[in-house]
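Structure file structure_39.pdb; described as PDB, C-alpha atoms, pLDDT in the B column.
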MODEL        1
ATOM      1  CA  MET A   1       4.453  38.389  11.961  1.00 46.00           C
ATOM      2  CA  SER A   2       3.807  41.317   9.617  1.00 45.00           C
ATOM      3  CA  THR A   3       0.798  41.419   7.318  1.00 43.00           C
ATOM      4  CA  GLN A   4       3.164  40.931   4.357  1.00 46.00           C
ATOM      5  CA  GLU A   5       4.916  37.888   5.875  1.00 45.00           C
ATOM      6  CA  ALA A   6       1.664  35.960   6.403  1.00 42.00           C
ATOM      7  CA  PRO A   7       0.650  35.830   2.714  1.00 49.00           C
ATOM      8  CA  ARG A   8       4.221  34.889   1.747  1.00 49.00           C
ATOM      9  CA  LYS A   9       4.225  32.037   4.246  1.00 47.00           C
ATOM     10  CA  ASN A  10       0.840  30.876   2.972  1.00 76.00           C
ATOM     11  CA  ALA A  11       2.078  31.034  -0.623  1.00 76.00           C
ATOM     12  CA  ARG A  12       5.137  28.919   0.241  1.00 83.00           C
ATOM     13  CA  GLY A  13       2.850  26.442   1.942  1.00 89.00           C
ATOM     14  CA  GLN A  14       0.709  26.149  -1.188  1.00 92.00           C
ATOM     15  CA  VAL A  15       3.770  25.616  -3.379  1.00 93.00           C
ATOM     16  CA  ASN A  16       5.137  22.922  -1.050  1.00 93.00           C
ATOM     17  CA  ALA A  17       1.752  21.210  -0.883  1.00 94.00           C
ATOM     18  CA  ALA A  18       1.418  21.206  -4.671  1.00 95.00           C
ATOM     19  CA  VAL A  19       4.968  19.887  -5.125  1.00 96.00           C
ATOM     20  CA  ASN A  20       4.423  17.055  -2.647  1.00 95.00           C
ATOM     21  CA  THR A  21       1.013  16.056  -3.970  1.00 95.00           C
ATOM     22  CA  LEU A  22       2.032  16.100  -7.622  1.00 96.00           C
ATOM     23  CA  GLY A  23       5.376  14.447  -6.875  1.00 95.00           C
ATOM     24  CA  SER A  24       3.701  11.642  -4.937  1.00 94.00           C
ATOM     25  CA  ARG A  25       1.126  11.068  -7.665  1.00 94.00           C
ATOM     26  CA  ILE A  26       3.820  10.879 -10.321  1.00 95.00           C
ATOM     27  CA  ALA A  27       5.951   8.515  -8.234  1.00 93.00           C
ATOM     28  CA  ASN A  28       3.056   6.153  -7.519  1.00 91.00           C
ATOM     29  CA  GLY A  29       1.861   6.114 -11.128  1.00 91.00           C
ATOM     30  CA  THR A  30      -1.357   8.068 -10.688  1.00 93.00           C
ATOM     31  CA  TYR A  31       0.090  10.245 -13.428  1.00 95.00           C
ATOM     32  CA  PRO A  32       1.969   7.715 -15.598  1.00 95.00           C
ATOM     33  CA  GLU A  33       5.110   8.410 -17.596  1.00 95.00           C
ATOM     34  CA  GLY A  34       4.232  10.205 -20.818  1.00 94.00           C
ATOM     35  CA  SER A  35       0.833  11.371 -19.599  1.00 95.00           C
ATOM     36  CA  THR A  36      -0.284  14.983 -19.907  1.00 95.00           C
ATOM     37  CA  LEU A  37      -1.485  16.766 -16.781  1.00 94.00           C
ATOM     38  CA  ALA A  38      -4.757  18.657 -16.717  1.00 93.00           C
ATOM     39  CA  ILE A  39      -4.777  22.272 -17.847  1.00 91.00           C
ATOM     40  CA  GLU A  40      -3.551  24.791 -15.300  1.00 91.00           C
ATOM     41  CA  GLN A  41      -6.959  25.968 -14.086  1.00 92.00           C
ATOM     42  CA  GLU A  42      -8.258  22.425 -13.550  1.00 94.00           C
ATOM     43  CA  LEU A  43      -5.079  21.181 -11.902  1.00 93.00           C
ATOM     44  CA  ALA A  44      -4.902  24.159  -9.531  1.00 93.00           C
ATOM     45  CA  ALA A  45      -8.528  23.566  -8.496  1.00 93.00           C
ATOM     46  CA  ASN A  46      -7.841  19.849  -8.012  1.00 93.00           C
ATOM     47  CA  LEU A  47      -4.912  20.631  -5.738  1.00 93.00           C
ATOM     48  CA  SER A  48      -6.737  23.476  -3.956  1.00 92.00           C
ATOM     49  CA  VAL A  49      -3.926  25.934  -4.649  1.00 92.00           C
ATOM     50  CA  GLY A  50      -3.622  29.170  -6.586  1.00 92.00           C
ATOM     51  CA  ARG A  51      -2.405  29.201 -10.165  1.00 92.00           C
ATOM     52  CA  ASN A  52       0.769  31.085  -9.200  1.00 93.00           C
ATOM     53  CA  ALA A  53       1.569  28.424  -6.590  1.00 94.00           C
ATOM     54  CA  LEU A  54       0.972  25.722  -9.189  1.00 95.00           C
ATOM     55  CA  ARG A  55       3.334  27.422 -11.650  1.00 94.00           C
ATOM     56  CA  GLU A  56       6.048  27.516  -8.994  1.00 95.00           C
ATOM     57  CA  ALA A  57       5.434  23.853  -8.169  1.00 96.00           C
ATOM     58  CA  VAL A  58       5.755  22.940 -11.854  1.00 96.00           C
ATOM     59  CA  LYS A  59       9.130  24.728 -11.955  1.00 96.00           C
ATOM     60  CA  VAL A  60      10.305  22.750  -8.923  1.00 97.00           C
ATOM     61  CA  LEU A  61       9.197  19.416 -10.380  1.00 97.00           C
ATOM     62  CA  SER A  62      10.735  20.306 -13.745  1.00 97.00           C
ATOM     63  CA  GLY A  63      14.018  20.892 -11.946  1.00 97.00           C
ATOM     64  CA  LYS A  64      13.794  17.409 -10.441  1.00 97.00           C
ATOM     65  CA  GLY A  65      13.295  15.928 -13.909  1.00 96.00           C
ATOM     66  CA  LEU A  66       9.737  14.673 -13.317  1.00 97.00           C
ATOM     67  CA  ILE A  67       7.851  16.845 -15.795  1.00 97.00           C
ATOM     68  CA  SER A  68       8.410  19.035 -18.821  1.00 95.00           C
ATOM     69  CA  THR A  69       6.375  21.864 -20.261  1.00 92.00           C
ATOM     70  CA  ALA A  70       6.131  23.118 -23.829  1.00 88.00           C
ATOM     71  CA  PRO A  71       3.776  25.432 -25.709  1.00 84.00           C
ATOM     72  CA  ARG A  72       0.772  23.580 -27.157  1.00 80.00           C
ATOM     73  CA  SER A  73       2.006  20.302 -25.648  1.00 83.00           C
ATOM     74  CA  GLY A  74       1.083  21.081 -22.056  1.00 88.00           C
ATOM     75  CA  THR A  75       2.780  19.617 -19.009  1.00 93.00           C
ATOM     76  CA  LYS A  76       3.923  16.029 -19.461  1.00 96.00           C
ATOM     77  CA  VAL A  77       5.348  13.435 -17.096  1.00 96.00           C
ATOM     78  CA  ARG A  78       8.860  12.597 -18.238  1.00 96.00           C
ATOM     79  CA  PRO A  79      10.247   9.044 -18.464  1.00 95.00           C
ATOM     80  CA  ARG A  80      11.420   7.660 -15.124  1.00 93.00           C
ATOM     81  CA  SER A  81      14.950   7.428 -16.523  1.00 92.00           C
ATOM     82  CA  ASP A  82      15.020  11.263 -16.567  1.00 95.00           C
ATOM     83  CA  TRP A  83      14.023  11.664 -12.916  1.00 95.00           C
ATOM     84  CA  ASN A  84      16.641  12.776 -10.401  1.00 94.00           C
ATOM     85  CA  MET A  85      16.332   9.688  -8.233  1.00 91.00           C
ATOM     86  CA  LEU A  86      18.910  10.940  -5.719  1.00 89.00           C
ATOM     87  CA  ASP A  87      16.902  14.093  -5.000  1.00 92.00           C
ATOM     88  CA  PRO A  88      15.725  13.864  -1.356  1.00 90.00           C
ATOM     89  CA  ASP A  89      12.103  14.646  -2.276  1.00 93.00           C
ATOM     90  CA  VAL A  90      11.991  12.133  -5.140  1.00 93.00           C
ATOM     91  CA  LEU A  91      13.444   9.487  -2.832  1.00 90.00           C
ATOM     92  CA  ALA A  92      10.898  10.309  -0.134  1.00 88.00           C
ATOM     93  CA  TRP A  93       7.970   9.981  -2.555  1.00 91.00           C
ATOM     94  CA  HIS A  94       9.209   6.543  -3.552  1.00 87.00           C
ATOM     95  CA  ALA A  95       9.590   5.468   0.082  1.00 81.00           C
ATOM     96  CA  ASP A  96       5.852   5.558   0.712  1.00 79.00           C
ATOM     97  CA  PRO A  97       4.659   2.003   1.500  1.00 71.00           C
ATOM     98  CA  GLU A  98       2.093   2.270  -1.301  1.00 74.00           C
ATOM     99  CA  THR A  99       4.792   3.321  -3.777  1.00 79.00           C
ATOM    100  CA  ALA A 100       8.013   1.553  -2.784  1.00 78.00           C
ATOM    101  CA  THR A 101       8.236  -1.497  -5.036  1.00 82.00           C
ATOM    102  CA  LYS A 102      10.457  -4.517  -4.547  1.00 82.00           C
ATOM    103  CA  GLU A 103      12.481  -3.368  -7.556  1.00 86.00           C
ATOM    104  CA  PHE A 104      12.983   0.091  -6.045  1.00 86.00           C
ATOM    105  CA  MET A 105      14.140  -1.398  -2.745  1.00 85.00           C
ATOM    106  CA  LEU A 106      16.563  -3.740  -4.510  1.00 88.00           C
ATOM    107  CA  ASP A 107      17.932  -0.800  -6.496  1.00 89.00           C
ATOM    108  CA  LEU A 108      18.561   1.067  -3.255  1.00 88.00           C
ATOM    109  CA  ILE A 109      20.248  -1.957  -1.685  1.00 90.00           C
ATOM    110  CA  GLU A 110      22.449  -2.259  -4.754  1.00 91.00           C
ATOM    111  CA  LEU A 111      23.390   1.408  -4.422  1.00 91.00           C
ATOM    112  CA  ARG A 112      24.146   0.911  -0.732  1.00 92.00           C
ATOM    113  CA  ARG A 113      26.256  -2.154  -1.594  1.00 93.00           C
ATOM    114  CA  ILE A 114      28.355   0.012  -3.928  1.00 93.00           C
ATOM    115  CA  ILE A 115      28.718   2.984  -1.570  1.00 94.00           C
ATOM    116  CA  GLU A 116      28.660   1.932   2.072  1.00 96.00           C
ATOM    117  CA  PRO A 117      31.390  -0.729   2.319  1.00 97.00           C
ATOM    118  CA  LYS A 118      33.908   1.717   0.870  1.00 97.00           C
ATOM    119  CA  ALA A 119      32.599   4.474   3.135  1.00 97.00           C
ATOM    120  CA  ALA A 120      33.110   2.208   6.174  1.00 98.00           C
ATOM    121  CA  GLU A 121      36.632   1.395   4.976  1.00 98.00           C
ATOM    122  CA  LEU A 122      37.445   5.089   4.568  1.00 98.00           C
ATOM    123  CA  ALA A 123      35.896   5.869   7.964  1.00 98.00           C
ATOM    124  CA  ALA A 124      38.259   3.338   9.578  1.00 98.00           C
ATOM    125  CA  ARG A 125      41.219   4.975   7.830  1.00 97.00           C
ATOM    126  CA  ARG A 126      40.261   8.629   8.151  1.00 97.00           C
ATOM    127  CA  GLY A 127      37.817   8.936  11.039  1.00 96.00           C
ATOM    128  CA  ASP A 128      38.963  11.022  14.008  1.00 97.00           C
ATOM    129  CA  LYS A 129      37.935  10.697  17.655  1.00 97.00           C
ATOM    130  CA  LYS A 130      34.848  12.846  17.146  1.00 97.00           C
ATOM    131  CA  ASP A 131      33.729  10.737  14.180  1.00 97.00           C
ATOM    132  CA  VAL A 132      34.180   7.504  16.116  1.00 97.00           C
ATOM    133  CA  ALA A 133      32.323   8.951  19.107  1.00 98.00           C
ATOM    134  CA  GLU A 134      29.340   9.817  16.870  1.00 98.00           C
ATOM    135  CA  ILE A 135      29.257   6.300  15.382  1.00 98.00           C
ATOM    136  CA  LEU A 136      29.459   4.644  18.798  1.00 97.00           C
ATOM    137  CA  SER A 137      26.856   7.030  20.236  1.00 98.00           C
ATOM    138  CA  ALA A 138      24.430   6.146  17.432  1.00 97.00           C
ATOM    139  CA  TYR A 139      25.043   2.455  18.060  1.00 97.00           C
ATOM    140  CA  GLU A 140      24.344   2.920  21.781  1.00 97.00           C
ATOM    141  CA  ALA A 141      21.113   4.723  20.925  1.00 97.00           C
ATOM    142  CA  MET A 142      20.099   1.729  18.773  1.00 94.00           C
ATOM    143  CA  ALA A 143      20.943  -0.658  21.590  1.00 94.00           C
ATOM    144  CA  ASN A 144      18.958   1.389  24.115  1.00 94.00           C
ATOM    145  CA  ALA A 145      15.886   1.852  21.921  1.00 88.00           C
ATOM    146  CA  GLY A 146      14.376  -1.420  23.098  1.00 82.00           C
ATOM    147  CA  ILE A 147      11.059  -2.136  21.401  1.00 80.00           C
ATOM    148  CA  ASP A 148      10.626   1.477  20.272  1.00 84.00           C
ATOM    149  CA  GLN A 149      10.979   0.964  16.507  1.00 86.00           C
ATOM    150  CA  GLU A 150      10.898   4.680  15.691  1.00 89.00           C
ATOM    151  CA  LYS A 151      13.775   5.456  18.073  1.00 92.00           C
ATOM    152  CA  ARG A 152      15.729   2.509  16.726  1.00 91.00           C
ATOM    153  CA  LEU A 153      15.113   3.681  13.151  1.00 91.00           C
ATOM    154  CA  GLU A 154      16.330   7.215  13.841  1.00 94.00           C
ATOM    155  CA  ALA A 155      19.417   5.880  15.633  1.00 95.00           C
ATOM    156  CA  ASN A 156      20.075   3.506  12.734  1.00 95.00           C
ATOM    157  CA  ILE A 157      19.910   6.396  10.268  1.00 94.00           C
ATOM    158  CA  ASP A 158      22.276   8.386  12.511  1.00 96.00           C
ATOM    159  CA  PHE A 159      24.664   5.408  12.591  1.00 97.00           C
ATOM    160  CA  HIS A 160      24.975   5.109   8.827  1.00 97.00           C
ATOM    161  CA  THR A 161      25.049   8.884   8.370  1.00 96.00           C
ATOM    162  CA  ALA A 162      27.914   9.120  10.876  1.00 97.00           C
ATOM    163  CA  ILE A 163      29.898   6.528   8.920  1.00 97.00           C
ATOM    164  CA  LEU A 164      29.426   8.462   5.676  1.00 97.00           C
ATOM    165  CA  LYS A 165      30.517  11.628   7.450  1.00 97.00           C
ATOM    166  CA  ALA A 166      33.571   9.859   8.899  1.00 97.00           C
ATOM    167  CA  SER A 167      34.710   8.962   5.382  1.00 97.00           C
ATOM    168  CA  HIS A 168      35.601  12.658   4.990  1.00 96.00           C
ATOM    169  CA  ASN A 169      34.319  12.583   1.434  1.00 95.00           C
ATOM    170  CA  ASN A 170      31.677  15.248   0.893  1.00 91.00           C
ATOM    171  CA  VAL A 171      30.174  13.491  -2.111  1.00 91.00           C
ATOM    172  CA  LEU A 172      29.761  10.210  -0.223  1.00 89.00           C
ATOM    173  CA  SER A 173      28.102  12.078   2.636  1.00 88.00           C
ATOM    174  CA  HIS A 174      25.312  13.156   0.276  1.00 88.00           C
ATOM    175  CA  PHE A 175      24.147   9.539  -0.024  1.00 91.00           C
ATOM    176  CA  LYS A 176      22.659   9.774   3.471  1.00 91.00           C
ATOM    177  CA  HIS A 177      19.313  10.625   1.838  1.00 90.00           C
ATOM    178  CA  ALA A 178      19.262   7.367  -0.131  1.00 89.00           C
ATOM    179  CA  ILE A 179      20.150   5.340   2.965  1.00 91.00           C
ATOM    180  CA  SER A 180      17.549   7.117   5.079  1.00 89.00           C
ATOM    181  CA  THR A 181      14.916   6.478   2.413  1.00 87.00           C
ATOM    182  CA  TYR A 182      15.731   2.780   2.290  1.00 86.00           C
ATOM    183  CA  LEU A 183      15.653   2.352   6.077  1.00 87.00           C
ATOM    184  CA  ARG A 184      12.361   4.225   6.463  1.00 85.00           C
ATOM    185  CA  ALA A 185      10.704   2.337   3.615  1.00 83.00           C
ATOM    186  CA  HIS A 186      12.009  -0.982   4.921  1.00 79.00           C
ATOM    187  CA  MET A 187      10.525  -0.360   8.362  1.00 76.00           C
ATOM    188  CA  ARG A 188       7.178   0.830   6.990  1.00 71.00           C
ATOM    189  CA  GLN A 189       6.867  -2.151   4.673  1.00 63.00           C
ATOM    190  CA  GLY A 190       8.181  -4.899   6.888  1.00 58.00           C
ATOM    191  CA  GLU A 191       6.737  -6.904   9.706  1.00 53.00           C
ATOM    192  CA  VAL A 192       7.920  -6.351  13.280  1.00 57.00           C
ATOM    193  CA  GLN A 193      11.215  -8.171  13.616  1.00 63.00           C
ATOM    194  CA  SER A 194      11.734 -10.873  16.208  1.00 66.00           C
ATOM    195  CA  GLU A 195      13.987 -10.293  19.211  1.00 74.00           C
ATOM    196  CA  GLU A 196      16.526 -12.693  17.756  1.00 78.00           C
ATOM    197  CA  THR A 197      16.612 -10.823  14.421  1.00 74.00           C
ATOM    198  CA  ASN A 198      16.979  -7.512  16.250  1.00 77.00           C
ATOM    199  CA  ARG A 199      19.856  -8.910  18.316  1.00 86.00           C
ATOM    200  CA  GLU A 200      21.645 -10.204  15.229  1.00 88.00           C
ATOM    201  CA  ASP A 201      21.185  -6.885  13.445  1.00 88.00           C
ATOM    202  CA  LEU A 202      22.431  -4.973  16.483  1.00 92.00           C
ATOM    203  CA  GLU A 203      25.482  -7.225  16.728  1.00 94.00           C
ATOM    204  CA  ARG A 204      26.341  -6.554  13.086  1.00 94.00           C
ATOM    205  CA  HIS A 205      26.202  -2.816  13.726  1.00 96.00           C
ATOM    206  CA  HIS A 206      28.329  -3.288  16.855  1.00 97.00           C
ATOM    207  CA  GLN A 207      31.008  -5.164  14.925  1.00 97.00           C
ATOM    208  CA  ILE A 208      31.108  -2.523  12.191  1.00 98.00           C
ATOM    209  CA  ALA A 209      31.371   0.275  14.760  1.00 98.00           C
ATOM    210  CA  TRP A 210      34.284  -1.346  16.536  1.00 97.00           C
ATOM    211  CA  ALA A 211      36.078  -2.242  13.310  1.00 98.00           C
ATOM    212  CA  ILE A 212      35.962   1.453  12.380  1.00 98.00           C
ATOM    213  CA  ALA A 213      36.973   2.543  15.889  1.00 97.00           C
ATOM    214  CA  SER A 214      39.911   0.106  15.768  1.00 97.00           C
ATOM    215  CA  GLY A 215      41.058   1.288  12.360  1.00 97.00           C
ATOM    216  CA  LYS A 216      40.421  -2.115  10.759  1.00 98.00           C
ATOM    217  CA  ALA A 217      39.488  -0.853   7.314  1.00 98.00           C
ATOM    218  CA  LYS A 218      39.179  -4.165   5.443  1.00 97.00           C
ATOM    219  CA  THR A 219      37.175  -5.692   8.285  1.00 98.00           C
ATOM    220  CA  ALA A 220      34.800  -2.714   8.301  1.00 98.00           C
ATOM    221  CA  HIS A 221      34.391  -3.153   4.536  1.00 98.00           C
ATOM    222  CA  SER A 222      33.648  -6.887   4.668  1.00 97.00           C
ATOM    223  CA  LEU A 223      31.277  -6.594   7.638  1.00 97.00           C
ATOM    224  CA  THR A 224      29.284  -3.912   5.834  1.00 97.00           C
ATOM    225  CA  VAL A 225      29.077  -6.091   2.727  1.00 96.00           C
ATOM    226  CA  ALA A 226      27.753  -8.980   4.851  1.00 93.00           C
ATOM    227  CA  MET A 227      25.133  -6.754   6.496  1.00 92.00           C
ATOM    228  CA  LEU A 228      23.856  -5.437   3.172  1.00 92.00           C
ATOM    229  CA  ASP A 229      23.810  -8.902   1.628  1.00 89.00           C
ATOM    230  CA  GLN A 230      21.557  -9.933   4.504  1.00 83.00           C
ATOM    231  CA  ASN A 231      19.236  -7.028   3.692  1.00 77.00           C
ATOM    232  CA  ARG A 232      19.191  -7.999   0.030  1.00 78.00           C
ATOM    233  CA  SER A 233      18.349 -11.624   0.771  1.00 74.00           C
ATOM    234  CA  HIS A 234      15.239 -10.449   2.644  1.00 67.00           C
ATOM    235  CA  PHE A 235      13.798  -8.838  -0.504  1.00 65.00           C
ATOM    236  CA  GLU A 236      15.048 -11.430  -2.945  1.00 66.00           C
ATOM    237  CA  GLY A 237      13.296 -14.072  -0.891  1.00 58.00           C
ATOM    238  CA  GLU A 238       9.921 -12.356  -1.279  1.00 54.00           C
ATOM    239  CA  GLY A 239       7.471 -13.655  -3.860  1.00 45.00           C
TER     240      GLY A 239
ENDMDL
END
Re-express the file's structure as structure tokens.
Amino acid sequence: MSTQEAPRKNARGQVNAAVNTLGSRIANGTYPEGSTLAIEQELAANLSVGRNALREAVKVLSGKGLISTAPRSGTKVRPRSDWNMLDPDVLAWHADPETATKEFMLDLIELRRIIEPKAAELAARRGDKKDVAEILSAYEAMANAGIDQEKRLEANIDFHTAILKASHNNVLSHFKHAISTYLRAHMRQGEVQSEETNREDLERHHQIAWAIASGKAKTAHSLTVAMLDQNRSHFEGEG
């Protein structure tokens, strides 16, 4: 690495660190909506980054809709309704167990309920042999994960991502970030599932996979609806 590349890499690291720290604090309410952040010098010192890195981080967060800057008004946290909630970083900050609220999880389930059944239906209609092979491979990885929850999680994400991809709709495929966020947050928040619950969940995935592989579009749609309704009932049943 050249002497010029090292400072650039360090600068990028500072920007990324500032973006993630500020983004997380905004998402978890440390910096509430409408609040004004500390002046640049104080905020940079608090985050242990340079002022140039902080300015770049502010630009990034402004682009995600989290903050706004104006002369004499400083840097303010924008209303949550202005945030780009489908941005992968914004989703990830909300998936933290300390941040992910019941309401946020239910919103994600509702989004999944709108998107995924249709994606499964389209996958059954449009998916080619390669698409089906990826879906079945992800299912097999889930089945073979055993008690390794991390492996099962990653395979589960791959399963749902493969279905979105098999829909052959590039816009639908982008929703993989929302699904991944939900699944990661669900695992981090929840208790370890019983063997029976894991078996039932695995069987639902198996049925969806084979409905898609068999070209049974309506069946794939209805099975996905049933799976997501089961997910929703888990959170609605919480106090």
Selected residue of minimal separation from Lys59 of chain A among A:Asn84, A:Phe159, A:Thr75, A:Val132, counting all atoms listed in the file: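 Nearest to Lys59 of chain A: A:Thr75.
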Give me the residues within 9 Å of Asp96 of chain A as a tab-separated table (two decimals) with C-alpha atoms, keeping the file's coordinate frame, counting all atoms listed in the file and dropping any in the same chain fewer than 3 places off.
chain	number	residue	atom	x	y	z
A	24	SER	CA	3.70	11.64	-4.94
A	28	ASN	CA	3.06	6.15	-7.52
A	92	ALA	CA	10.90	10.31	-0.13
A	93	TRP	CA	7.97	9.98	-2.56
A	99	THR	CA	4.79	3.32	-3.78
A	100	ALA	CA	8.01	1.55	-2.78
A	184	ARG	CA	12.36	4.22	6.46
A	185	ALA	CA	10.70	2.34	3.62
A	188	ARG	CA	7.18	0.83	6.99
A	189	GLN	CA	6.87	-2.15	4.67
Expansion of the PyMOL selection byres ((chain A and resi 155) around 9) into residues, as JSON, numbers by chain: {"A": [137, 138, 139, 140, 141, 142, 143, 145, 150, 151, 152, 153, 154, 156, 157, 158, 159, 160]}
Expected selection from the PyMOL selection byres ((chain A and resi 115) around 12), given as JSON, numbers by chain: {"A": [108, 109, 110, 111, 112, 113, 114, 116, 117, 118, 119, 120, 121, 122, 160, 163, 164, 167, 169, 171, 172, 173, 174, 175, 176, 178, 179, 221, 224, 225, 228]}
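Listed by chain and then by number, the residues chosen by the PyMOL selection byres ((chain A and resi 26) around 10) in this file are Asn20, Thr21, Leu22, Gly23, Ser24, Arg25, Ala27, Asn28, Gly29, Thr30, Tyr31, Pro32, Glu33, Ser35, Leu66, Ile67, Val77, Arg78, Arg80, Val90, Trp93 and His94 of chain A.
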Store the residues picked out above in a file with C-alpha atoms, as an mmCIF file, in the coordinates of the input.
data_model
loop_
_atom_site.group_PDB
_atom_site.id
_atom_site.type_symbol
_atom_site.label_atom_id
_atom_site.label_comp_id
_atom_site.auth_asym_id
_atom_site.auth_seq_id
_atom_site.Cartn_x
_atom_site.Cartn_y
_atom_site.Cartn_z
ATOM 1 C CA ASN A 20 4.423 17.055 -2.647
ATOM 2 C CA THR A 21 1.013 16.056 -3.970
ATOM 3 C CA LEU A 22 2.032 16.100 -7.622
ATOM 4 C CA GLY A 23 5.376 14.447 -6.875
ATOM 5 C CA SER A 24 3.701 11.642 -4.937
ATOM 6 C CA ARG A 25 1.126 11.068 -7.665
ATOM 7 C CA ALA A 27 5.951 8.515 -8.234
ATOM 8 C CA ASN A 28 3.056 6.153 -7.519
ATOM 9 C CA GLY A 29 1.861 6.114 -11.128
ATOM 10 C CA THR A 30 -1.357 8.068 -10.688
ATOM 11 C CA TYR A 31 0.090 10.245 -13.428
ATOM 12 C CA PRO A 32 1.969 7.715 -15.598
ATOM 13 C CA GLU A 33 5.110 8.410 -17.596
ATOM 14 C CA SER A 35 0.833 11.371 -19.599
ATOM 15 C CA LEU A 66 9.737 14.673 -13.317
ATOM 16 C CA ILE A 67 7.851 16.845 -15.795
ATOM 17 C CA VAL A 77 5.348 13.435 -17.096
ATOM 18 C CA ARG A 78 8.860 12.597 -18.238
ATOM 19 C CA ARG A 80 11.420 7.660 -15.124
ATOM 20 C CA VAL A 90 11.991 12.133 -5.140
ATOM 21 C CA TRP A 93 7.970 9.981 -2.555
ATOM 22 C CA HIS A 94 9.209 6.543 -3.552
#
Which residues, written as a PDB file with C-alpha atoms, in the coordinates of the input, have at least one atom at most 12 Å from Ser73 of chain A, with only C-alpha atoms counted and residues fewer than 3 positions away on the same chain left out?
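What ended up in result_9.pdb:
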ATOM      1  CA  GLY A  34       4.232  10.205 -20.818  1.00 94.00           C
ATOM      2  CA  SER A  35       0.833  11.371 -19.599  1.00 95.00           C
ATOM      3  CA  THR A  36      -0.284  14.983 -19.907  1.00 95.00           C
ATOM      4  CA  LEU A  37      -1.485  16.766 -16.781  1.00 94.00           C
ATOM      5  CA  ALA A  38      -4.757  18.657 -16.717  1.00 93.00           C
ATOM      6  CA  ILE A  39      -4.777  22.272 -17.847  1.00 91.00           C
ATOM      7  CA  ILE A  67       7.851  16.845 -15.795  1.00 97.00           C
ATOM      8  CA  SER A  68       8.410  19.035 -18.821  1.00 95.00           C
ATOM      9  CA  THR A  69       6.375  21.864 -20.261  1.00 92.00           C
ATOM     10  CA  ALA A  70       6.131  23.118 -23.829  1.00 88.00           C
ATOM     11  CA  LYS A  76       3.923  16.029 -19.461  1.00 96.00           C
ATOM     12  CA  VAL A  77       5.348  13.435 -17.096  1.00 96.00           C
TER      13      VAL A  77
END
